[in-house]
file coords24.pdb (PDB, C-alpha atoms and all ligand atoms)
ATOM      1  CA  MET A 271      24.191  31.680  30.463  1.00  0.00           C
ATOM      2  CA  SER A 272      23.470  29.204  27.695  1.00  0.00           C
ATOM      3  CA  ASN A 273      19.985  27.851  27.247  1.00  0.00           C
ATOM      4  CA  ILE A 274      21.232  24.272  27.247  1.00  0.00           C
ATOM      5  CA  VAL A 275      19.394  22.446  30.018  1.00  0.00           C
ATOM      6  CA  LEU A 276      20.841  18.981  29.592  1.00  0.00           C
ATOM      7  CA  GLU A 277      24.140  18.080  28.002  1.00  0.00           C
ATOM      8  CA  ALA A 278      26.168  14.906  27.552  1.00  0.00           C
ATOM      9  CA  LYS A 279      29.807  15.122  26.555  1.00  0.00           C
ATOM     10  CA  ASN A 280      31.489  12.017  25.154  1.00  0.00           C
ATOM     11  CA  ILE A 281      29.449   9.503  27.103  1.00  0.00           C
ATOM     12  CA  SER A 282      30.597   5.898  27.105  1.00  0.00           C
ATOM     13  CA  LYS A 283      28.968   3.096  29.016  1.00  0.00           C
ATOM     14  CA  THR A 284      30.379  -0.395  29.380  1.00  0.00           C
ATOM     15  CA  PHE A 285      28.654  -3.090  31.420  1.00  0.00           C
ATOM     16  CA  SER A 286      31.227  -5.446  32.925  1.00  0.00           C
ATOM     17  CA  GLU A 287      30.642  -8.759  34.606  1.00  0.00           C
ATOM     18  CA  GLY A 288      33.726 -10.814  35.281  1.00  0.00           C
ATOM     19  CA  LYS A 289      35.583 -11.083  32.006  1.00  0.00           C
ATOM     20  CA  SER A 290      32.654 -10.042  29.864  1.00  0.00           C
ATOM     21  CA  HIS A 291      32.436  -6.419  28.836  1.00  0.00           C
ATOM     22  CA  VAL A 292      29.581  -4.994  26.813  1.00  0.00           C
ATOM     23  CA  GLU A 293      30.316  -1.591  25.370  1.00  0.00           C
ATOM     24  CA  VAL A 294      26.869  -0.074  24.910  1.00  0.00           C
ATOM     25  CA  LEU A 295      27.474   3.666  24.477  1.00  0.00           C
ATOM     26  CA  LYS A 296      30.560   4.720  22.545  1.00  0.00           C
ATOM     27  CA  GLY A 297      31.363   8.383  23.007  1.00  0.00           C
ATOM     28  CA  LEU A 298      27.998  10.085  22.522  1.00  0.00           C
ATOM     29  CA  SER A 299      27.441  13.803  22.886  1.00  0.00           C
ATOM     30  CA  LEU A 300      24.098  15.553  23.046  1.00  0.00           C
ATOM     31  CA  GLN A 301      22.658  18.954  23.858  1.00  0.00           C
ATOM     32  CA  VAL A 302      19.058  19.641  24.802  1.00  0.00           C
ATOM     33  CA  HIS A 303      17.986  23.287  24.820  1.00  0.00           C
ATOM     34  CA  ALA A 304      15.244  24.794  26.958  1.00  0.00           C
ATOM     35  CA  GLY A 305      11.838  24.010  25.476  1.00  0.00           C
ATOM     36  CA  GLU A 306      13.294  21.776  22.742  1.00  0.00           C
ATOM     37  CA  PHE A 307      11.705  18.475  21.674  1.00  0.00           C
ATOM     38  CA  VAL A 308      14.297  15.883  20.686  1.00  0.00           C
ATOM     39  CA  SER A 309      13.445  12.361  19.608  1.00  0.00           C
ATOM     40  CA  ILE A 310      15.797   9.391  19.561  1.00  0.00           C
ATOM     41  CA  VAL A 311      15.177   6.553  17.144  1.00  0.00           C
ATOM     42  CA  GLY A 312      17.168   3.334  16.946  1.00  0.00           C
ATOM     43  CA  SER A 313      16.767  -0.404  16.675  1.00  0.00           C
ATOM     44  CA  SER A 314      16.343  -2.632  19.708  1.00  0.00           C
ATOM     45  CA  GLY A 315      19.547  -3.005  21.702  1.00  0.00           C
ATOM     46  CA  SER A 316      21.215   0.080  20.214  1.00  0.00           C
ATOM     47  CA  GLY A 317      21.570   1.700  23.662  1.00  0.00           C
ATOM     48  CA  LYS A 318      18.638   4.147  23.863  1.00  0.00           C
ATOM     49  CA  SER A 319      17.422   3.204  27.342  1.00  0.00           C
ATOM     50  CA  THR A 320      20.982   3.090  28.622  1.00  0.00           C
ATOM     51  CA  LEU A 321      21.553   6.629  27.351  1.00  0.00           C
ATOM     52  CA  LEU A 322      18.340   7.890  28.951  1.00  0.00           C
ATOM     53  CA  HIS A 323      19.284   6.316  32.289  1.00  0.00           C
ATOM     54  CA  VAL A 324      22.693   7.992  32.172  1.00  0.00           C
ATOM     55  CA  LEU A 325      21.187  11.359  31.205  1.00  0.00           C
ATOM     56  CA  GLY A 326      18.597  11.104  33.963  1.00  0.00           C
ATOM     57  CA  GLY A 327      21.199  10.250  36.581  1.00  0.00           C
ATOM     58  CA  LEU A 328      19.742   6.775  37.182  1.00  0.00           C
ATOM     59  CA  ASP A 329      23.034   5.274  36.098  1.00  0.00           C
ATOM     60  CA  ARG A 330      26.549   6.611  35.709  1.00  0.00           C
ATOM     61  CA  PRO A 331      28.580   6.751  32.507  1.00  0.00           C
ATOM     62  CA  THR A 332      31.832   4.802  32.384  1.00  0.00           C
ATOM     63  CA  GLU A 333      33.414   7.807  30.713  1.00  0.00           C
ATOM     64  CA  GLY A 334      32.247  11.283  29.815  1.00  0.00           C
ATOM     65  CA  GLU A 335      30.194  13.898  31.618  1.00  0.00           C
ATOM     66  CA  VAL A 336      26.560  14.911  32.040  1.00  0.00           C
ATOM     67  CA  PHE A 337      25.558  18.495  32.821  1.00  0.00           C
ATOM     68  CA  LEU A 338      22.203  19.663  34.136  1.00  0.00           C
ATOM     69  CA  ASN A 339      21.768  23.442  33.835  1.00  0.00           C
ATOM     70  CA  ASP A 340      25.501  23.798  33.188  1.00  0.00           C
ATOM     71  CA  LYS A 341      26.409  21.936  36.368  1.00  0.00           C
ATOM     72  CA  ARG A 342      28.154  18.583  36.386  1.00  0.00           C
ATOM     73  CA  PHE A 343      25.526  16.026  37.389  1.00  0.00           C
ATOM     74  CA  ASP A 344      26.855  12.494  36.802  1.00  0.00           C
ATOM     75  CA  ASN A 345      29.561  12.578  39.471  1.00  0.00           C
ATOM     76  CA  LEU A 346      27.290  13.623  42.346  1.00  0.00           C
ATOM     77  CA  ASN A 347      26.327  11.106  44.991  1.00  0.00           C
ATOM     78  CA  GLU A 348      23.074   9.166  44.715  1.00  0.00           C
ATOM     79  CA  THR A 349      21.108  11.399  47.115  1.00  0.00           C
ATOM     80  CA  HIS A 350      22.207  14.629  45.493  1.00  0.00           C
ATOM     81  CA  ARG A 351      21.432  13.300  41.997  1.00  0.00           C
ATOM     82  CA  GLY A 352      18.048  12.061  43.245  1.00  0.00           C
ATOM     83  CA  ASN A 353      17.174  15.500  44.615  1.00  0.00           C
ATOM     84  CA  LEU A 354      18.150  17.252  41.394  1.00  0.00           C
ATOM     85  CA  ARG A 355      16.250  14.673  39.349  1.00  0.00           C
ATOM     86  CA  ASN A 356      13.149  15.217  41.469  1.00  0.00           C
ATOM     87  CA  ALA A 357      13.447  19.001  41.083  1.00  0.00           C
ATOM     88  CA  HIS A 358      14.236  19.269  37.363  1.00  0.00           C
ATOM     89  CA  LEU A 359      13.579  16.045  35.479  1.00  0.00           C
ATOM     90  CA  GLY A 360      10.514  13.951  34.738  1.00  0.00           C
ATOM     91  CA  PHE A 361      11.196  10.353  33.822  1.00  0.00           C
ATOM     92  CA  VAL A 362       8.937   7.922  31.966  1.00  0.00           C
ATOM     93  CA  TYR A 363      10.432   4.436  32.121  1.00  0.00           C
ATOM     94  CA  GLN A 364      10.121   1.933  29.320  1.00  0.00           C
ATOM     95  CA  PHE A 365       8.212  -0.334  31.697  1.00  0.00           C
ATOM     96  CA  HIS A 366       6.288   2.376  33.540  1.00  0.00           C
ATOM     97  CA  HIS A 367       7.177   1.316  37.158  1.00  0.00           C
ATOM     98  CA  LEU A 368       3.912   2.391  38.728  1.00  0.00           C
ATOM     99  CA  LEU A 369       3.357   1.464  42.368  1.00  0.00           C
ATOM    100  CA  PRO A 370       0.821  -1.404  42.287  1.00  0.00           C
ATOM    101  CA  GLU A 371      -0.732  -0.721  45.717  1.00  0.00           C
ATOM    102  CA  PHE A 372      -1.648   2.868  44.898  1.00  0.00           C
ATOM    103  CA  SER A 373      -4.384   4.393  42.755  1.00  0.00           C
ATOM    104  CA  ALA A 374      -3.701   6.242  39.512  1.00  0.00           C
ATOM    105  CA  LEU A 375      -4.227   9.541  41.354  1.00  0.00           C
ATOM    106  CA  GLU A 376      -1.834   8.577  44.155  1.00  0.00           C
ATOM    107  CA  ASN A 377       0.795   7.385  41.681  1.00  0.00           C
ATOM    108  CA  VAL A 378       0.671  10.711  39.851  1.00  0.00           C
ATOM    109  CA  ALA A 379       0.684  12.711  43.096  1.00  0.00           C
ATOM    110  CA  MET A 380       3.691  10.815  44.498  1.00  0.00           C
ATOM    111  CA  PRO A 381       6.562  12.983  43.133  1.00  0.00           C
ATOM    112  CA  LEU A 382       4.950  16.080  44.652  1.00  0.00           C
ATOM    113  CA  MET A 383       4.137  14.357  47.941  1.00  0.00           C
ATOM    114  CA  LEU A 384       7.854  13.675  48.306  1.00  0.00           C
ATOM    115  CA  ARG A 385       8.552  17.404  48.209  1.00  0.00           C
ATOM    116  CA  LYS A 386       8.693  19.244  51.485  1.00  0.00           C
ATOM    117  CA  GLY A 387       5.952  21.709  52.326  1.00  0.00           C
ATOM    118  CA  THR A 388       3.447  20.737  49.643  1.00  0.00           C
ATOM    119  CA  GLN A 389      -0.232  20.846  50.565  1.00  0.00           C
ATOM    120  CA  TYR A 390      -2.225  17.710  49.836  1.00  0.00           C
ATOM    121  CA  LYS A 391      -5.119  19.677  48.309  1.00  0.00           C
ATOM    122  CA  GLU A 392      -2.828  21.391  45.811  1.00  0.00           C
ATOM    123  CA  VAL A 393      -1.064  18.123  44.984  1.00  0.00           C
ATOM    124  CA  LYS A 394      -4.382  16.364  44.403  1.00  0.00           C
ATOM    125  CA  GLU A 395      -5.607  19.131  42.112  1.00  0.00           C
ATOM    126  CA  LYS A 396      -2.433  19.006  40.024  1.00  0.00           C
ATOM    127  CA  ALA A 397      -2.552  15.211  39.779  1.00  0.00           C
ATOM    128  CA  GLU A 398      -6.215  15.336  38.752  1.00  0.00           C
ATOM    129  CA  TYR A 399      -5.461  17.972  36.125  1.00  0.00           C
ATOM    130  CA  LEU A 400      -2.689  15.890  34.555  1.00  0.00           C
ATOM    131  CA  LEU A 401      -4.802  12.733  34.586  1.00  0.00           C
ATOM    132  CA  GLU A 402      -7.554  14.677  32.868  1.00  0.00           C
ATOM    133  CA  ARG A 403      -5.051  15.888  30.248  1.00  0.00           C
ATOM    134  CA  VAL A 404      -4.030  12.309  29.445  1.00  0.00           C
ATOM    135  CA  GLY A 405      -7.699  11.320  29.169  1.00  0.00           C
ATOM    136  CA  LEU A 406      -8.014   9.378  32.409  1.00  0.00           C
ATOM    137  CA  SER A 407     -10.295  11.449  34.621  1.00  0.00           C
ATOM    138  CA  HIS A 408     -12.636   8.447  34.760  1.00  0.00           C
ATOM    139  CA  ARG A 409      -9.887   6.192  36.178  1.00  0.00           C
ATOM    140  CA  LEU A 410      -8.563   8.185  39.149  1.00  0.00           C
ATOM    141  CA  THR A 411      -9.106   5.495  41.768  1.00  0.00           C
ATOM    142  CA  HIS A 412      -8.038   2.522  39.662  1.00  0.00           C
ATOM    143  CA  LYS A 413      -4.852   0.725  40.626  1.00  0.00           C
ATOM    144  CA  PRO A 414      -2.307  -0.145  37.908  1.00  0.00           C
ATOM    145  CA  GLY A 415      -3.541  -3.766  37.867  1.00  0.00           C
ATOM    146  CA  GLU A 416      -6.997  -2.481  36.951  1.00  0.00           C
ATOM    147  CA  LEU A 417      -5.764  -0.410  33.998  1.00  0.00           C
ATOM    148  CA  SER A 418      -4.906  -1.382  30.433  1.00  0.00           C
ATOM    149  CA  GLY A 419      -1.275  -1.226  29.259  1.00  0.00           C
ATOM    150  CA  GLY A 420      -1.843   2.027  27.402  1.00  0.00           C
ATOM    151  CA  GLU A 421      -3.677   3.555  30.375  1.00  0.00           C
ATOM    152  CA  ARG A 422      -0.753   2.666  32.647  1.00  0.00           C
ATOM    153  CA  GLN A 423       1.586   4.401  30.239  1.00  0.00           C
ATOM    154  CA  ARG A 424      -0.584   7.486  30.318  1.00  0.00           C
ATOM    155  CA  VAL A 425      -0.544   7.445  34.143  1.00  0.00           C
ATOM    156  CA  ALA A 426       3.260   7.219  33.996  1.00  0.00           C
ATOM    157  CA  LEU A 427       3.302  10.243  31.683  1.00  0.00           C
ATOM    158  CA  ALA A 428       1.067  12.228  34.025  1.00  0.00           C
ATOM    159  CA  ARG A 429       3.355  11.293  36.928  1.00  0.00           C
ATOM    160  CA  ALA A 430       6.432  12.485  35.035  1.00  0.00           C
ATOM    161  CA  LEU A 431       4.743  15.812  34.305  1.00  0.00           C
ATOM    162  CA  VAL A 432       3.095  16.625  37.624  1.00  0.00           C
ATOM    163  CA  ALA A 433       6.104  18.450  39.077  1.00  0.00           C
ATOM    164  CA  LYS A 434       6.461  20.582  35.904  1.00  0.00           C
ATOM    165  CA  PRO A 435       9.946  19.363  35.041  1.00  0.00           C
ATOM    166  CA  GLN A 436      12.391  21.409  32.986  1.00  0.00           C
ATOM    167  CA  VAL A 437      13.153  18.309  30.954  1.00  0.00           C
ATOM    168  CA  MET A 438      11.079  15.212  30.439  1.00  0.00           C
ATOM    169  CA  LEU A 439      12.907  12.016  29.513  1.00  0.00           C
ATOM    170  CA  ALA A 440      10.559   9.400  28.121  1.00  0.00           C
ATOM    171  CA  ASP A 441      11.463   5.895  27.025  1.00  0.00           C
ATOM    172  CA  GLU A 442       8.917   4.617  24.475  1.00  0.00           C
ATOM    173  CA  PRO A 443       6.005   6.479  26.092  1.00  0.00           C
ATOM    174  CA  THR A 444       3.675   5.255  23.356  1.00  0.00           C
ATOM    175  CA  GLY A 445       5.120   1.760  22.929  1.00  0.00           C
ATOM    176  CA  ASN A 446       1.911  -0.052  23.940  1.00  0.00           C
ATOM    177  CA  LEU A 447      -0.485   2.267  22.200  1.00  0.00           C
ATOM    178  CA  ASP A 448      -2.265   2.023  18.875  1.00  0.00           C
ATOM    179  CA  ARG A 449      -1.232   4.560  16.244  1.00  0.00           C
ATOM    180  CA  HIS A 450      -4.177   6.860  16.833  1.00  0.00           C
ATOM    181  CA  THR A 451      -3.757   7.021  20.618  1.00  0.00           C
ATOM    182  CA  ALA A 452       0.020   7.362  20.204  1.00  0.00           C
ATOM    183  CA  LYS A 453      -0.487  10.355  17.914  1.00  0.00           C
ATOM    184  CA  GLY A 454      -2.846  11.834  20.524  1.00  0.00           C
ATOM    185  CA  ILE A 455      -0.175  11.443  23.211  1.00  0.00           C
ATOM    186  CA  PHE A 456       2.456  13.123  21.009  1.00  0.00           C
ATOM    187  CA  ASP A 457       0.087  16.013  20.320  1.00  0.00           C
ATOM    188  CA  LEU A 458      -0.610  16.260  24.025  1.00  0.00           C
ATOM    189  CA  LEU A 459       3.121  16.260  24.793  1.00  0.00           C
ATOM    190  CA  ASN A 460       3.637  19.064  22.296  1.00  0.00           C
ATOM    191  CA  ASP A 461       0.863  21.077  23.987  1.00  0.00           C
ATOM    192  CA  LEU A 462       2.241  20.466  27.462  1.00  0.00           C
ATOM    193  CA  LYS A 463       5.730  21.286  26.272  1.00  0.00           C
ATOM    194  CA  ALA A 464       4.481  24.756  25.343  1.00  0.00           C
ATOM    195  CA  GLU A 465       2.325  25.067  28.453  1.00  0.00           C
ATOM    196  CA  PHE A 466       5.191  24.151  30.820  1.00  0.00           C
ATOM    197  CA  ASN A 467       8.030  25.494  28.617  1.00  0.00           C
ATOM    198  CA  MET A 468       9.556  22.056  29.010  1.00  0.00           C
ATOM    199  CA  ALA A 469      12.236  20.295  26.988  1.00  0.00           C
ATOM    200  CA  MET A 470      11.517  16.694  25.996  1.00  0.00           C
ATOM    201  CA  LEU A 471      13.783  13.843  25.045  1.00  0.00           C
ATOM    202  CA  ILE A 472      11.729  10.956  23.763  1.00  0.00           C
ATOM    203  CA  VAL A 473      12.762   7.513  22.608  1.00  0.00           C
ATOM    204  CA  THR A 474      10.474   5.962  20.040  1.00  0.00           C
ATOM    205  CA  HIS A 475      10.476   3.239  17.410  1.00  0.00           C
ATOM    206  CA  ASP A 476       7.980   5.201  15.372  1.00  0.00           C
ATOM    207  CA  GLU A 477       9.704   7.356  12.733  1.00  0.00           C
ATOM    208  CA  GLY A 478       6.399   9.053  11.940  1.00  0.00           C
ATOM    209  CA  LEU A 479       5.921  10.231  15.511  1.00  0.00           C
ATOM    210  CA  ALA A 480       9.601  11.100  15.828  1.00  0.00           C
ATOM    211  CA  ARG A 481       9.166  13.576  12.991  1.00  0.00           C
ATOM    212  CA  SER A 482       6.967  15.820  15.108  1.00  0.00           C
ATOM    213  CA  ALA A 483      10.094  16.649  17.184  1.00  0.00           C
ATOM    214  CA  ASP A 484      12.327  19.690  16.616  1.00  0.00           C
ATOM    215  CA  LYS A 485      15.279  17.351  16.157  1.00  0.00           C
ATOM    216  CA  ILE A 486      15.603  13.609  15.427  1.00  0.00           C
ATOM    217  CA  LEU A 487      18.685  11.634  16.423  1.00  0.00           C
ATOM    218  CA  HIS A 488      19.350   8.140  15.100  1.00  0.00           C
ATOM    219  CA  MET A 489      21.291   5.692  17.199  1.00  0.00           C
ATOM    220  CA  GLN A 490      22.974   2.499  16.093  1.00  0.00           C
ATOM    221  CA  ASP A 491      25.261   0.365  18.274  1.00  0.00           C
ATOM    222  CA  GLY A 492      25.872   3.151  20.755  1.00  0.00           C
ATOM    223  CA  ILE A 493      26.734   5.958  18.355  1.00  0.00           C
ATOM    224  CA  TRP A 494      24.767   8.540  16.388  1.00  0.00           C
ATOM    225  CA  VAL A 495      24.372   7.685  12.711  1.00  0.00           C
TER
HETATM  226  N1  LIG B   1      22.868  -4.048  33.038  1.00  0.00           N
HETATM  227  C1  LIG B   1      23.305  -4.525  31.872  1.00  0.00           C
HETATM  228  N2  LIG B   1      24.313  -5.413  31.817  1.00  0.00           N
HETATM  229  C2  LIG B   1      24.767  -5.884  30.638  1.00  0.00           C
HETATM  230  N3  LIG B   1      24.313  -5.497  29.431  1.00  0.00           N
HETATM  231  C3  LIG B   1      23.308  -4.614  29.416  1.00  0.00           C
HETATM  232  C4  LIG B   1      22.758  -4.069  30.621  1.00  0.00           C
HETATM  233  N4  LIG B   1      21.781  -3.202  30.281  1.00  0.00           N
HETATM  234  C5  LIG B   1      21.718  -3.206  28.937  1.00  0.00           C
HETATM  235  N5  LIG B   1      22.626  -4.053  28.413  1.00  0.00           N
HETATM  236  C6  LIG B   1      22.846  -4.311  26.983  1.00  0.00           C
HETATM  237  O1  LIG B   1      23.036  -3.071  26.351  1.00  0.00           O
HETATM  238  C7  LIG B   1      22.447  -3.059  25.066  1.00  0.00           C
HETATM  239  C8  LIG B   1      21.576  -1.832  24.940  1.00  0.00           C
HETATM  240  O2  LIG B   1      20.476  -1.929  25.828  1.00  0.00           O
HETATM  241  P1  LIG B   1      19.349  -0.818  25.886  1.00  0.00           P
HETATM  242  O3  LIG B   1      18.355  -1.260  26.889  1.00  0.00           O
HETATM  243  O4  LIG B   1      19.983   0.504  26.113  1.00  0.00           O
HETATM  244  O5  LIG B   1      18.769  -0.894  24.420  1.00  0.00           O
HETATM  245  P2  LIG B   1      17.561  -0.119  23.749  1.00  0.00           P
HETATM  246  O6  LIG B   1      18.106   0.647  22.589  1.00  0.00           O
HETATM  247  O7  LIG B   1      16.825   0.646  24.785  1.00  0.00           O
HETATM  248  O8  LIG B   1      16.672  -1.297  23.188  1.00  0.00           O
HETATM  249  P3  LIG B   1      15.057  -1.474  23.115  1.00  0.00           P
HETATM  250  O9  LIG B   1      14.610  -0.692  21.927  1.00  0.00           O
HETATM  251  O10 LIG B   1      14.874  -2.951  22.914  1.00  0.00           O
HETATM  252  O11 LIG B   1      14.470  -0.991  24.406  1.00  0.00           O
HETATM  253  C9  LIG B   1      21.680  -4.365  24.940  1.00  0.00           C
HETATM  254  O12 LIG B   1      22.401  -5.217  24.098  1.00  0.00           O
HETATM  255  C10 LIG B   1      21.620  -4.910  26.342  1.00  0.00           C
HETATM  256  O13 LIG B   1      21.687  -6.295  26.358  1.00  0.00           O
HETATM  257 MG    MG B   2      14.971   0.454  25.609  1.00  0.00          MG
END

call {"tool": "encode", "arguments": {"input": "coords24.pdb", "output": "structure tokens", "more": "lines below"}}
Ligand SMILES: Nc1ncnc2c1ncn2[C@@H]1O[C@H](COP(=O)(O)OP(=O)(O)OP(=O)(O)O)[C@@H](O)[C@H]1O
Ligand SMILES: [Mg+2]
result
Amino acid sequence: MSNIVLEAKNISKTFSEGKSHVEVLKGLSLQVHAGEFVSIVGSSGSGKSTLLHVLGGLDRPTEGEVFLNDKRFDNLNETHRGNLRNAHLGFVYQFHHLLPEFSALENVAMPLMLRKGTQYKEVKEKAEYLLERVGLSHRLTHKPGELSGGERQRVALARALVAKPQVMLADEPTGNLDRHTAKGIFDLLNDLKAEFNMAMLIVTHDEGLARSADKILHMQDGIWV
């Protein structure tokens, strides 16, 4: 068995509406190995979020294939893809998507609560641990509306990590943070990567931060450059 956990082969993605077609991804391939940290850098509109959505099974490619643990993933139905995503992937969205009615702790606990047979006590402990790791143990009961932008991003990170994913896909996880805090989050991610033996695929605008990855990929107009 190879140690490739996530693989894209010749992915293309075209958004079509009536007669207008926008070709966003143009035949991209990518391999992420177990425990590897890959960063993706590219200017705004180059297709980074679109690629992450396709890799994470949130959207389907127009052409090409995605494999999760050597199994074809993109052509499964929505429910099946959702289950696999919940079991193996952690996703940090560009615009965090926290649930506004729930506390930071509840937001982080949510992915585990959705799993069958998990005990609330255990879930709560794990969520508290992750929130402590992202420096938010003093904000457990705050709702997203009562947190700063950077704090919300850190809650979203904790949520993506709580189920110990094999691969974390993160879209600008430090986009709202000052340089110092952003560096802290990257260091933390590197620690957690080792602790969880997790692969990470992170989109960032910050070349400096990107350099702490094992591999940097540059995207321009839907292709690697
Ligand atoms: N649903 C959609 N329908 C039509 N066009 C879309 C759709 N989603 C994205 N696009 C277009 O695809 C291109 C790439 O978008 P994408 O969000 O992947 O860029 P990005 O690299 O993540 O940019 P940013 O750094 O600003 O987040 C953009 O030009 C965008 O307008
Ligand atoms: Mg984006």

call {"tool": "residues_near_ligand", "arguments": {"input": "coords24.pdb", "ligand": "ligand LIG 1 (chain B)", "cutoff": "8 Å", "atoms": "all atoms listed in the file", "output": "VMD selection string"}}
result
chain A and resid 284 to 287 291 to 294 312 to 321 364 441 to 442 475 491 to 492

call {"tool": "residues_around", "arguments": {"input": "coords24.pdb", "residues": "range 415-429 of chain A", "least_positions_apart": "3", "cutoff": "9 Å", "atoms": "all atoms listed in the file", "output": "compact mmCIF listing (two decimals) with C-alpha atoms, in the frame of the given file"}}
result
# COMPACT_ATOMS: atom_id res chain seq x y z
CA GLY A 360 10.51 13.95 34.74
CA PHE A 361 11.20 10.35 33.82
CA VAL A 362 8.94 7.92 31.97
CA TYR A 363 10.43 4.44 32.12
CA GLN A 364 10.12 1.93 29.32
CA PHE A 365 8.21 -0.33 31.70
CA HIS A 366 6.29 2.38 33.54
CA HIS A 367 7.18 1.32 37.16
CA LEU A 368 3.91 2.39 38.73
CA PRO A 370 0.82 -1.40 42.29
CA GLU A 371 -0.73 -0.72 45.72
CA ALA A 374 -3.70 6.24 39.51
CA LEU A 375 -4.23 9.54 41.35
CA ASN A 377 0.80 7.38 41.68
CA VAL A 378 0.67 10.71 39.85
CA ALA A 379 0.68 12.71 43.10
CA MET A 380 3.69 10.82 44.50
CA PRO A 381 6.56 12.98 43.13
CA ALA A 397 -2.55 15.21 39.78
CA TYR A 399 -5.46 17.97 36.12
CA LEU A 400 -2.69 15.89 34.56
CA LEU A 401 -4.80 12.73 34.59
CA ARG A 403 -5.05 15.89 30.25
CA VAL A 404 -4.03 12.31 29.44
CA GLY A 405 -7.70 11.32 29.17
CA LEU A 406 -8.01 9.38 32.41
CA ARG A 409 -9.89 6.19 36.18
CA HIS A 412 -8.04 2.52 39.66
CA VAL A 432 3.10 16.62 37.62
CA ALA A 433 6.10 18.45 39.08
CA ALA A 440 10.56 9.40 28.12
CA PRO A 443 6.00 6.48 26.09
CA THR A 444 3.68 5.26 23.36
CA GLY A 445 5.12 1.76 22.93
CA ASN A 446 1.91 -0.05 23.94
CA LEU A 447 -0.48 2.27 22.20
CA ASP A 448 -2.26 2.02 18.88
CA THR A 451 -3.76 7.02 20.62
CA ILE A 455 -0.18 11.44 23.21

call {"tool": "atom_distance", "arguments": {"input": "coords24.pdb", "atom1": "CA of Gly334 in chain A", "atom2": "CA of Asn280 in chain A"}}
result
4.8 Å

call {"tool": "atom_distance", "arguments": {"input": "coords24.pdb", "atom1": "CA of Glu348 in chain A", "atom2": "CA of His323 in chain A"}}
result
13.3 Å

call {"tool": "closest_residue", "arguments": {"input": "coords24.pdb", "among": "A:Lys394, A:Lys434, A:Ala278, A:Val308", "to": "Asp344 in chain A", "atoms": "all atoms listed in the file"}}
result
A:Ala278

call {"tool": "residues_around", "arguments": {"input": "coords24.pdb", "residues": "Asn460 in chain A", "least_positions_apart": "2", "cutoff": "10 Å", "atoms": "all atoms listed in the file", "output": "list in words"}}
result
Phe307, Gly454, Ile455, Phe456, Asp457, Leu458, Leu462, Lys463, Ala464, Glu465, Met468, Ala469, Met470, Ser482 and Ala483 of chain A

call {"tool": "closest_residue", "arguments": {"input": "coords24.pdb", "among": "A:Ser309, A:Asp340, A:Ile486, A:Leu276", "to": "Gly327 in chain A", "atoms": "all atoms listed in the file"}}
result
A:Leu276

call {"tool": "atom_distance", "arguments": {"input": "coords24.pdb", "atom1": "CA of Ile472 in chain A", "atom2": "CA of Met438 in chain A"}}
result
7.9 Å

call {"tool": "residues_around", "arguments": {"input": "coords24.pdb", "residues": "range 281-283 of chain A", "least_positions_apart": "4", "cutoff": "6 Å", "atoms": "only C-alpha atoms", "output": "JSON, numbers by chain"}}
result
{"A": [294, 295, 296, 297, 298, 331, 332, 333, 334]}

call {"tool": "residues_around", "arguments": {"input": "coords24.pdb", "residues": "Lys341 in chain A", "least_positions_apart": "6", "cutoff": "12 Å", "atoms": "all atoms listed in the file", "output": "PDB file with C-alpha atoms, keeping the file's coordinate frame"}}
result
ATOM      1  CA  MET A 271      24.191  31.680  30.463  1.00  0.00           C
ATOM      2  CA  SER A 272      23.470  29.204  27.695  1.00  0.00           C
ATOM      3  CA  ILE A 274      21.232  24.272  27.247  1.00  0.00           C
ATOM      4  CA  VAL A 275      19.394  22.446  30.018  1.00  0.00           C
ATOM      5  CA  LEU A 276      20.841  18.981  29.592  1.00  0.00           C
ATOM      6  CA  GLU A 277      24.140  18.080  28.002  1.00  0.00           C
ATOM      7  CA  ALA A 278      26.168  14.906  27.552  1.00  0.00           C
ATOM      8  CA  GLU A 335      30.194  13.898  31.618  1.00  0.00           C
ATOM      9  CA  ARG A 351      21.432  13.300  41.997  1.00  0.00           C
ATOM     10  CA  LEU A 354      18.150  17.252  41.394  1.00  0.00           C
TER      11      LEU A 354
END

call {"tool": "closest_residue", "arguments": {"input": "coords24.pdb", "among": "A:Val311, A:Ala452, A:Ala480, A:Ala304", "to": "ligand MG 2 (chain B)", "atoms": "all atoms listed in the file"}}
result
A:Val311

call {"tool": "residues_near_point", "arguments": {"input": "coords24.pdb", "point": "(25.1, 11.5, 15.2)", "cutoff": "9 Å", "atoms": "only C-alpha atoms", "output": "PyMOL selection string"}}
result
chain A and resi 298-300+487-489+493-495

call {"tool": "closest_residue", "arguments": {"input": "coords24.pdb", "among": "A:Glu306, A:Asp484, A:Glu376, A:Asp329", "to": "Asn467 in chain A", "atoms": "only C-alpha atoms"}}
result
A:Glu306

call {"tool": "closest_residue", "arguments": {"input": "coords24.pdb", "among": "A:Ala357, A:Val336, A:Phe372, A:Leu322", "to": "ligand MG 2 (chain B)", "atoms": "only C-alpha atoms and all ligand atoms"}}
result
A:Leu322

call {"tool": "closest_residue", "arguments": {"input": "coords24.pdb", "among": "A:Leu338, A:Leu439, A:Ala430, A:Ile310", "to": "Leu479 in chain A", "atoms": "only C-alpha atoms"}}
result
A:Ile310

call {"tool": "axis_aligned_box", "arguments": {"input": "coords24.pdb", "around": "range 442-445 of chain A", "padding_each_side": "8 Å", "output": "lines of an AutoDock Vina configuration file"}}
result
center_x = 6.3
center_y = 4.1
center_z = 24.5
size_x = 21.2
size_y = 20.7
size_z = 19.2
